[in-house]
Each structure stands twice: as structure tokens, then as C-alpha cells.
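Text of entry-v3.cif (mmCIF, N, CA and C atoms) as supplied:
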```cif
data_data
#
loop_
_atom_site.group_PDB
_atom_site.id
_atom_site.type_symbol
_atom_site.label_atom_id
_atom_site.label_comp_id
_atom_site.auth_asym_id
_atom_site.auth_seq_id
_atom_site.Cartn_x
_atom_site.Cartn_y
_atom_site.Cartn_z
ATOM 1 N N MET A 155 94.668 106.118 91.140
ATOM 2 C CA MET A 155 94.404 105.524 89.850
ATOM 3 C C MET A 155 93.166 104.655 89.943
ATOM 4 N N ARG A 156 92.525 104.433 88.826
ATOM 5 C CA ARG A 156 91.307 103.621 88.794
ATOM 6 C C ARG A 156 91.656 102.224 88.299
ATOM 7 N N ILE A 157 91.284 101.227 89.110
ATOM 8 C CA ILE A 157 91.430 99.827 88.736
ATOM 9 C C ILE A 157 90.081 99.142 88.985
ATOM 10 N N LEU A 158 89.943 97.932 88.482
ATOM 11 C CA LEU A 158 88.756 97.132 88.785
ATOM 12 C C LEU A 158 89.114 96.163 89.900
ATOM 13 N N VAL A 159 88.347 96.184 90.976
ATOM 14 C CA VAL A 159 88.537 95.253 92.085
ATOM 15 C C VAL A 159 87.287 94.389 92.153
ATOM 16 N N ASN A 160 87.472 93.115 91.890
ATOM 17 C CA ASN A 160 86.343 92.177 91.854
ATOM 18 C C ASN A 160 85.230 92.696 90.942
ATOM 19 N N GLY A 161 85.640 93.276 89.802
ATOM 20 C CA GLY A 161 84.694 93.739 88.803
ATOM 21 C C GLY A 161 84.113 95.119 89.028
ATOM 22 N N GLU A 162 84.528 95.792 90.101
ATOM 23 C CA GLU A 162 83.979 97.108 90.432
ATOM 24 C C GLU A 162 85.067 98.171 90.316
ATOM 25 N N ALA A 163 84.791 99.251 89.585
ATOM 26 C CA ALA A 163 85.750 100.344 89.446
ATOM 27 C C ALA A 163 86.051 100.943 90.812
ATOM 28 N N THR A 164 87.343 101.051 91.119
ATOM 29 C CA THR A 164 87.779 101.509 92.432
ATOM 30 C C THR A 164 88.985 102.424 92.277
ATOM 31 N N GLU A 165 89.006 103.517 93.033
ATOM 32 C CA GLU A 165 90.159 104.414 93.058
ATOM 33 C C GLU A 165 91.100 103.972 94.168
ATOM 34 N N VAL A 166 92.367 103.771 93.833
ATOM 35 C CA VAL A 166 93.384 103.436 94.826
ATOM 36 C C VAL A 166 94.622 104.288 94.584
ATOM 37 N N SER A 167 95.392 104.496 95.630
ATOM 38 C CA SER A 167 96.671 105.181 95.489
ATOM 39 C C SER A 167 97.829 104.195 95.610
ATOM 40 N N ALA A 168 97.508 102.942 95.856
ATOM 41 C CA ALA A 168 98.516 101.900 96.076
ATOM 42 C C ALA A 168 99.349 101.659 94.821
ATOM 43 N N ALA A 169 100.634 101.385 95.031
ATOM 44 C CA ALA A 169 101.540 101.126 93.916
ATOM 45 C C ALA A 169 101.655 99.636 93.604
ATOM 46 N N ASN A 170 101.263 98.781 94.560
ATOM 47 C CA ASN A 170 101.372 97.334 94.342
ATOM 48 C C ASN A 170 100.195 96.626 95.009
ATOM 49 N N ILE A 171 100.107 95.324 94.779
ATOM 50 C CA ILE A 171 98.964 94.566 95.295
ATOM 51 C C ILE A 171 98.937 94.567 96.822
ATOM 52 N N ALA A 172 100.076 94.395 97.463
ATOM 53 C CA ALA A 172 100.105 94.366 98.931
ATOM 54 C C ALA A 172 99.557 95.670 99.507
ATOM 55 N N ALA A 173 99.970 96.791 98.946
ATOM 56 C CA ALA A 173 99.495 98.092 99.424
ATOM 57 C C ALA A 173 98.003 98.265 99.142
ATOM 58 N N ALA A 174 97.527 97.748 98.012
ATOM 59 C CA ALA A 174 96.107 97.833 97.687
ATOM 60 C C ALA A 174 95.277 97.043 98.699
ATOM 61 N N LEU A 175 95.745 95.865 99.080
ATOM 62 C CA LEU A 175 95.024 95.068 100.071
ATOM 63 C C LEU A 175 94.908 95.834 101.383
ATOM 64 N N ASP A 176 95.988 96.490 101.795
ATOM 65 C CA ASP A 176 95.952 97.300 103.015
ATOM 66 C C ASP A 176 94.979 98.465 102.858
ATOM 67 N N GLU A 177 95.089 99.163 101.731
ATOM 68 C CA GLU A 177 94.243 100.333 101.494
ATOM 69 C C GLU A 177 92.761 99.965 101.462
ATOM 70 N N LEU A 178 92.452 98.788 100.940
ATOM 71 C CA LEU A 178 91.068 98.349 100.818
ATOM 72 C C LEU A 178 90.595 97.546 102.033
ATOM 73 N N SER A 179 91.428 97.485 103.074
ATOM 74 C CA SER A 179 91.109 96.838 104.354
ATOM 75 C C SER A 179 90.888 95.334 104.250
ATOM 76 N N TYR A 180 91.628 94.668 103.367
ATOM 77 C CA TYR A 180 91.615 93.209 103.327
ATOM 78 C C TYR A 180 92.696 92.728 104.268
ATOM 79 N N GLU A 181 92.346 91.829 105.172
ATOM 80 C CA GLU A 181 93.281 91.338 106.174
ATOM 81 C C GLU A 181 93.286 89.827 106.183
ATOM 82 N N GLY A 182 94.327 89.281 106.751
ATOM 83 C CA GLY A 182 94.411 87.844 106.944
ATOM 84 C C GLY A 182 95.334 87.170 105.955
ATOM 85 N N GLU A 183 95.737 85.987 106.332
ATOM 86 C CA GLU A 183 96.648 85.193 105.522
ATOM 87 C C GLU A 183 95.932 84.461 104.396
ATOM 88 N N ALA A 184 94.662 84.174 104.574
ATOM 89 C CA ALA A 184 93.942 83.300 103.650
ATOM 90 C C ALA A 184 93.240 84.088 102.546
ATOM 91 N N LEU A 185 94.011 84.884 101.808
ATOM 92 C CA LEU A 185 93.479 85.609 100.670
ATOM 93 C C LEU A 185 94.129 85.073 99.403
ATOM 94 N N ALA A 186 93.371 85.010 98.342
ATOM 95 C CA ALA A 186 93.926 84.670 97.029
ATOM 96 C C ALA A 186 93.791 85.907 96.152
ATOM 97 N N THR A 187 94.816 86.191 95.354
ATOM 98 C CA THR A 187 94.783 87.356 94.487
ATOM 99 C C THR A 187 95.147 86.972 93.061
ATOM 100 N N ALA A 188 94.524 87.683 92.131
ATOM 101 C CA ALA A 188 94.853 87.524 90.714
ATOM 102 C C ALA A 188 94.866 88.911 90.092
ATOM 103 N N LEU A 189 95.826 89.141 89.225
ATOM 104 C CA LEU A 189 95.937 90.407 88.528
ATOM 105 C C LEU A 189 95.813 90.147 87.037
ATOM 106 N N ASN A 190 94.796 90.736 86.435
ATOM 107 C CA ASN A 190 94.539 90.554 85.003
ATOM 108 C C ASN A 190 94.468 89.077 84.617
ATOM 109 N N GLY A 191 93.819 88.296 85.502
ATOM 110 C CA GLY A 191 93.586 86.883 85.232
ATOM 111 C C GLY A 191 94.722 85.951 85.590
ATOM 112 N N GLN A 192 95.817 86.482 86.143
ATOM 113 C CA GLN A 192 96.960 85.653 86.526
ATOM 114 C C GLN A 192 97.093 85.614 88.047
ATOM 115 N N PHE A 193 97.144 84.398 88.607
ATOM 116 C CA PHE A 193 97.307 84.234 90.050
ATOM 117 C C PHE A 193 98.583 84.922 90.509
ATOM 118 N N VAL A 194 98.499 85.611 91.654
ATOM 119 C CA VAL A 194 99.672 86.250 92.262
ATOM 120 C C VAL A 194 99.824 85.695 93.675
ATOM 121 N N ALA A 195 100.924 84.992 93.913
ATOM 122 C CA ALA A 195 101.186 84.400 95.227
ATOM 123 C C ALA A 195 101.424 85.492 96.269
ATOM 124 N N ARG A 196 101.112 85.181 97.509
ATOM 125 C CA ARG A 196 101.289 86.129 98.618
ATOM 126 C C ARG A 196 102.689 86.731 98.631
ATOM 127 N N GLU A 197 103.693 85.908 98.372
ATOM 128 C CA GLU A 197 105.090 86.366 98.404
ATOM 129 C C GLU A 197 105.407 87.358 97.289
ATOM 130 N N GLN A 198 104.586 87.399 96.253
ATOM 131 C CA GLN A 198 104.842 88.275 95.109
ATOM 132 C C GLN A 198 104.022 89.567 95.124
ATOM 133 N N ARG A 199 103.127 89.719 96.072
ATOM 134 C CA ARG A 199 102.220 90.874 96.074
ATOM 135 C C ARG A 199 102.950 92.203 96.215
ATOM 136 N N GLN A 200 103.969 92.246 97.058
ATOM 137 C CA GLN A 200 104.731 93.481 97.276
ATOM 138 C C GLN A 200 105.476 93.884 95.998
ATOM 139 N N ALA A 201 105.930 92.909 95.236
ATOM 140 C CA ALA A 201 106.725 93.173 94.039
ATOM 141 C C ALA A 201 105.885 93.287 92.769
ATOM 142 N N THR A 202 104.557 93.163 92.879
ATOM 143 C CA THR A 202 103.687 93.202 91.708
ATOM 144 C C THR A 202 103.019 94.571 91.613
ATOM 145 N N PRO A 203 103.479 95.412 90.673
ATOM 146 C CA PRO A 203 102.925 96.764 90.563
ATOM 147 C C PRO A 203 101.529 96.784 89.970
ATOM 148 N N LEU A 204 100.800 97.832 90.305
ATOM 149 C CA LEU A 204 99.477 98.072 89.734
ATOM 150 C C LEU A 204 99.566 99.229 88.750
ATOM 151 N N GLN A 205 98.738 99.142 87.707
ATOM 152 C CA GLN A 205 98.647 100.217 86.724
ATOM 153 C C GLN A 205 97.175 100.534 86.509
ATOM 154 N N ALA A 206 96.897 101.744 86.100
ATOM 155 C CA ALA A 206 95.518 102.144 85.824
ATOM 156 C C ALA A 206 94.898 101.164 84.842
ATOM 157 N N GLY A 207 93.673 100.758 85.146
ATOM 158 C CA GLY A 207 92.949 99.844 84.280
ATOM 159 C C GLY A 207 93.149 98.373 84.609
ATOM 160 N N ASP A 208 94.064 98.061 85.531
ATOM 161 C CA ASP A 208 94.276 96.663 85.917
ATOM 162 C C ASP A 208 93.011 96.078 86.525
ATOM 163 N N GLN A 209 92.900 94.757 86.419
ATOM 164 C CA GLN A 209 91.782 94.033 87.027
ATOM 165 C C GLN A 209 92.326 93.170 88.155
ATOM 166 N N LEU A 210 91.991 93.526 89.383
ATOM 167 C CA LEU A 210 92.453 92.814 90.564
ATOM 168 C C LEU A 210 91.293 92.016 91.145
ATOM 169 N N GLU A 211 91.492 90.723 91.288
ATOM 170 C CA GLU A 211 90.506 89.857 91.927
ATOM 171 C C GLU A 211 91.045 89.462 93.289
ATOM 172 N N ILE A 212 90.212 89.594 94.310
ATOM 173 C CA ILE A 212 90.581 89.254 95.678
ATOM 174 C C ILE A 212 89.541 88.289 96.199
ATOM 175 N N LEU A 213 89.988 87.109 96.580
ATOM 176 C CA LEU A 213 89.090 86.096 97.114
ATOM 177 C C LEU A 213 89.439 85.826 98.557
ATOM 178 N N ALA A 214 88.443 85.911 99.415
ATOM 179 C CA ALA A 214 88.609 85.619 100.836
ATOM 180 C C ALA A 214 87.696 84.447 101.184
ATOM 181 N N PRO A 215 88.125 83.599 102.115
ATOM 182 C CA PRO A 215 87.286 82.460 102.489
ATOM 183 C C PRO A 215 85.985 82.927 103.124
ATOM 184 N N MET A 216 84.932 82.191 102.879
ATOM 185 C CA MET A 216 83.628 82.482 103.477
ATOM 186 C C MET A 216 83.390 81.519 104.634
ATOM 187 N N GLN A 217 82.743 82.031 105.662
ATOM 188 C CA GLN A 217 82.421 81.181 106.799
ATOM 189 C C GLN A 217 80.927 80.998 106.886
ATOM 190 N N GLY A 218 80.547 79.948 107.498
ATOM 191 C CA GLY A 218 79.130 79.688 107.652
ATOM 192 C C GLY A 218 78.745 78.390 106.972
ATOM 193 N N GLY A 219 77.491 78.073 106.982
ATOM 194 C CA GLY A 219 77.068 76.818 106.432
ATOM 195 C C GLY A 219 76.036 77.002 105.449
#
```

Structure encoded using C-alpha cells:
Amino acid sequence: MRILVNGEATEVSAANIAAALDELSYEGEALATALNGQFVAREQRQATPLQAGDQLEILAPMQGG
């Protein structure tokens, strides 16, 4: 299905946010996610389904100075 990930159209086969993070190779504990403008806690990612056209925002910490 086609969803927007950080504003970019992306094809995923994932059924939920947790699976999408795996499919898109996002790793680590320090990720923030929002689906259609609503924050989704780490504990809720597995239970939060994705649908075609959803807007998923993934924020990862940046390193450096």
C-alpha cells in the first residue's frame, strides 16, 4: 500500500507502525512516531494499523554538533 513517510510517498506491505519501522529499516529505542498528526507511543505501534494514504512521521535523534 502507498503511505506518506515523512512527506514522501512510500510503498509498504506492513500492517502496522511497528512492522513499517522494521520494513523501512528504522532501528533503536529513541524514535518518535506520529500517524496522521497524532503521536503514537512506542507501546502502541504494534496495535496501530496502517491504511493506504496514511501519513506517518518518524523522527530519530540527530547526532553531531

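With all atoms listed in the file as the basis for measurement, A:Asn190 is the residue among A:Ser179, A:Ser167, A:Gln198, A:Asn190 that approaches Leu210 (chain A) most closely.
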
Point-to-point distance in Å for CA of Ala214 (chain A) and atom C of Ala169 (chain A): 20.5 Å

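The residues of chain A that DSSP classifies as strand (DSSP E or B), using the backbone of this structure, are A:Arg156, A:Ile157, A:Leu158, A:Val159, A:Glu162, A:Ala163, A:Thr164, A:Glu165, A:Asn170, A:Ala186, A:Thr187, A:Ala188, A:Leu189, A:Gln192, A:Phe193, A:Val194, A:Pro203, A:Gln209, A:Leu210, A:Glu211, A:Ile212, A:Leu213.
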
DSSP-assigned alpha helix (DSSP H) among chain A, expressed as a PDB file with N, CA and C atoms, in the frame of the given file:
```pdb
ATOM      1  N   ILE A 171     100.107  95.324  94.779  1.00  0.00           N
ATOM      2  CA  ILE A 171      98.964  94.566  95.295  1.00  0.00           C
ATOM      3  C   ILE A 171      98.937  94.567  96.822  1.00  0.00           C
ATOM      4  N   ALA A 172     100.076  94.395  97.463  1.00  0.00           N
ATOM      5  CA  ALA A 172     100.105  94.366  98.931  1.00  0.00           C
ATOM      6  C   ALA A 172      99.557  95.670  99.507  1.00  0.00           C
ATOM      7  N   ALA A 173      99.970  96.791  98.946  1.00  0.00           N
ATOM      8  CA  ALA A 173      99.495  98.092  99.424  1.00  0.00           C
ATOM      9  C   ALA A 173      98.003  98.265  99.142  1.00  0.00           C
ATOM     10  N   ALA A 174      97.527  97.748  98.012  1.00  0.00           N
ATOM     11  CA  ALA A 174      96.107  97.833  97.687  1.00  0.00           C
ATOM     12  C   ALA A 174      95.277  97.043  98.699  1.00  0.00           C
ATOM     13  N   LEU A 175      95.745  95.865  99.080  1.00  0.00           N
ATOM     14  CA  LEU A 175      95.024  95.068 100.071  1.00  0.00           C
ATOM     15  C   LEU A 175      94.908  95.834 101.383  1.00  0.00           C
ATOM     16  N   ASP A 176      95.988  96.490 101.795  1.00  0.00           N
ATOM     17  CA  ASP A 176      95.952  97.300 103.015  1.00  0.00           C
ATOM     18  C   ASP A 176      94.979  98.465 102.858  1.00  0.00           C
ATOM     19  N   GLU A 177      95.089  99.163 101.731  1.00  0.00           N
ATOM     20  CA  GLU A 177      94.243 100.333 101.494  1.00  0.00           C
ATOM     21  C   GLU A 177      92.761  99.965 101.462  1.00  0.00           C
TER      22      GLU A 177
END
```

Ground truth for the PyMOL selection byres ((chain A and resi 168) around 8), written as a VMD selection string: chain A and resid 155 165 to 167 169 to 175 177 203 to 205
